[in-house]
Each structure stands twice: as C-alpha cells, then as structure tokens.
Amino acid sequence: MSRTNLDTRKKFDLEDRLVKFGGEIIFFIRTVKKDYEGQYLCEQIIRSASSAALNFGEAQAAESPRDFRHKCKIAVKELKESRVNLKLMQYIEYGSIELRIKLLDECEQLIAIVSTIIKNSKSKS
C-alpha cells in the first residue's frame with residue numbers, strides 16, 4: 001500500500017514530488033496482476049516514472065539554460081509515457097483503482113508544472 005498521501009504532501013518541492021511519484025508507482029505495481037501483460041506494463045512504468053525524477057535532478061545541475069530545458073523536456077516525455085501506461089492499466093482494469101486515480105491526477109499535475117517551468121525558462125532567455 002501507499003506510504004504517503006499524495007493529496008497532503010508539500011506542493012512546492014518538485015523534486016520531492018517527482019521522487020514520491022516514482023515511489024508511489026512502485027507501490028502501485030505491487031497491486032497489479034503478475035501475468036505477462038502486467039509484468040510488461042509494470043517494468044515500463046517503473047522506468048518512465050523514475051526517469052522523470054532522475055532527469056529533473058539532472059536539470060537542476062544543468063550546464064546551461066538550454067541543457068536545463070532539454071532535461072526538463074525529457075522529464076515531461078517520461079511523465080507522459082507514465083500517464084499513458086496508467087491509462088492503459090485503467091482500460092484493462094489492472095491495479096488498485098484508488099491509487100491509480102491518484103497517480104493519474106498527480107502525473108497530470110507534474111506534467112503541467114514541469115511544462116510551465118520549460119515555458120517560463122524559454123521566456124527568460
């Protein structure tokens with residue numbers, strides 16, 4: 001089961017939110033059926049959700065504004081992959097419904113936040 005409540009954690013620490021999202025994905029996949037399909041989707045979503053956090057971490061040490069935007073764009077791409085994976089699992093009714101709904105909402109919020117950061121970064125350049 002989930003270690004944190006996605007709705008009550010700090011909203012201002014994006015790195016923490018991305019890390020917790022990746023962790024919550026791991027808790028979620030423990031509720032997914034361990035057949036071929038479930039195993040395939042679970043392996044994919046672990047990679048994409050954790051990659052979003054890792055790329056955002058790299059962005060914070062970027063060598064230039066362009067490098068920063070590039071790493072953030074990769075994080076958004078990985079979050080979008082995670083979103084589609086969650087929607088696929090929703091369609092085939094895999095995993096905890098309650099946690100999947102919370103993860104989809106958090107994923108949408110993270111996509112919006114990181115996309116806004118990219119947009120604002122472009123306007124500052």
# chains A, B, ... in the order shown; residues from 1 in each chain; ligands from 1
>>> select_by_dssp(residues="chain A", states="alpha helix (DSSP H)", output="JSON, numbers by chain")
{"A": [14, 15, 16, 17, 18, 19, 20, 21, 22, 23, 24, 25, 26, 27, 28, 29, 36, 37, 38, 39, 40, 41, 42, 43, 44, 45, 46, 47, 48, 49, 50, 51, 52, 53, 54, 55, 56, 57, 58, 59, 65, 66, 67, 68, 69, 70, 71, 72, 73, 74, 75, 76, 77, 78, 79, 80, 81, 82, 83, 84, 85, 86, 87, 88, 89, 90, 91, 97, 98, 99, 100, 101, 102, 103, 104, 105, 106, 107, 108, 109, 110, 111, 112, 113, 114, 115, 116, 117, 118, 119, 120, 121, 122, 123, 124]}
>>> residues_around(residues="A:Leu103", least_positions_apart="3", cutoff="10 Å", atoms="only C-alpha atoms", output="PyMOL selection string")
chain A and resi 6+21-22+24-25+28+82-83+86+97-100+106-109
>>> atom_distance(atom1="atom CA of A:Lys119", atom2="atom CA of A:Asn55")
17.1 Å
>>> atom_distance(atom1="atom CA of A:Leu14", atom2="atom CA of A:His70")
17.0 Å
>>> residues_around(residues="A:Met89", least_positions_apart="6", cutoff="9 Å", atoms="only C-alpha atoms", output="ChimeraX atom specification")
/A:32,38,41,95,100
>>> atom_distance(atom1="atom CA of A:Arg69", atom2="atom CA of A:Leu18")
16.7 Å
>>> closest_residue(among="A:Lys102, A:Lys87, A:Arg30, A:Lys124", to="A:Ile46", atoms="only C-alpha atoms")
A:Arg30
>>> closest_residue(among="A:Ala112, A:Ala53, A:Leu104, A:Cys72", to="A:Glu15", atoms="only C-alpha atoms")
A:Ala53
>>> closest_residue(among="A:Arg66, A:Phe56, A:Tyr91, A:Glu81", to="A:Val114", atoms="only C-alpha atoms")
A:Phe56
>>> residues_around(residues="A:Ala52", least_positions_apart="2", cutoff="7 Å", atoms="only C-alpha atoms", output="ChimeraX atom specification")
/A:18,48-50,54-56,75-76,78-79
>>> write_last_selection(atoms="C-alpha atoms", output="PDB file, in the first residue's frame")
ATOM      1  CA  LEU A  18       8.740  13.534  -8.581  1.00  0.00           C
ATOM      2  CA  SER A  48       9.393   6.100 -17.093  1.00  0.00           C
ATOM      3  CA  ALA A  49       8.284   7.318 -13.656  1.00  0.00           C
ATOM      4  CA  SER A  50      11.747   7.041 -12.139  1.00  0.00           C
ATOM      5  CA  LEU A  54      16.166  11.469 -12.418  1.00  0.00           C
ATOM      6  CA  ASN A  55      16.058  13.818 -15.408  1.00  0.00           C
ATOM      7  CA  PHE A  56      14.654  16.631 -13.303  1.00  0.00           C
ATOM      8  CA  ALA A  75      11.137  14.569 -17.741  1.00  0.00           C
ATOM      9  CA  VAL A  76       7.848  15.670 -19.339  1.00  0.00           C
ATOM     10  CA  GLU A  78       8.676  10.335 -19.337  1.00  0.00           C
ATOM     11  CA  LEU A  79       5.717  11.637 -17.334  1.00  0.00           C
TER      12      LEU A  79
END
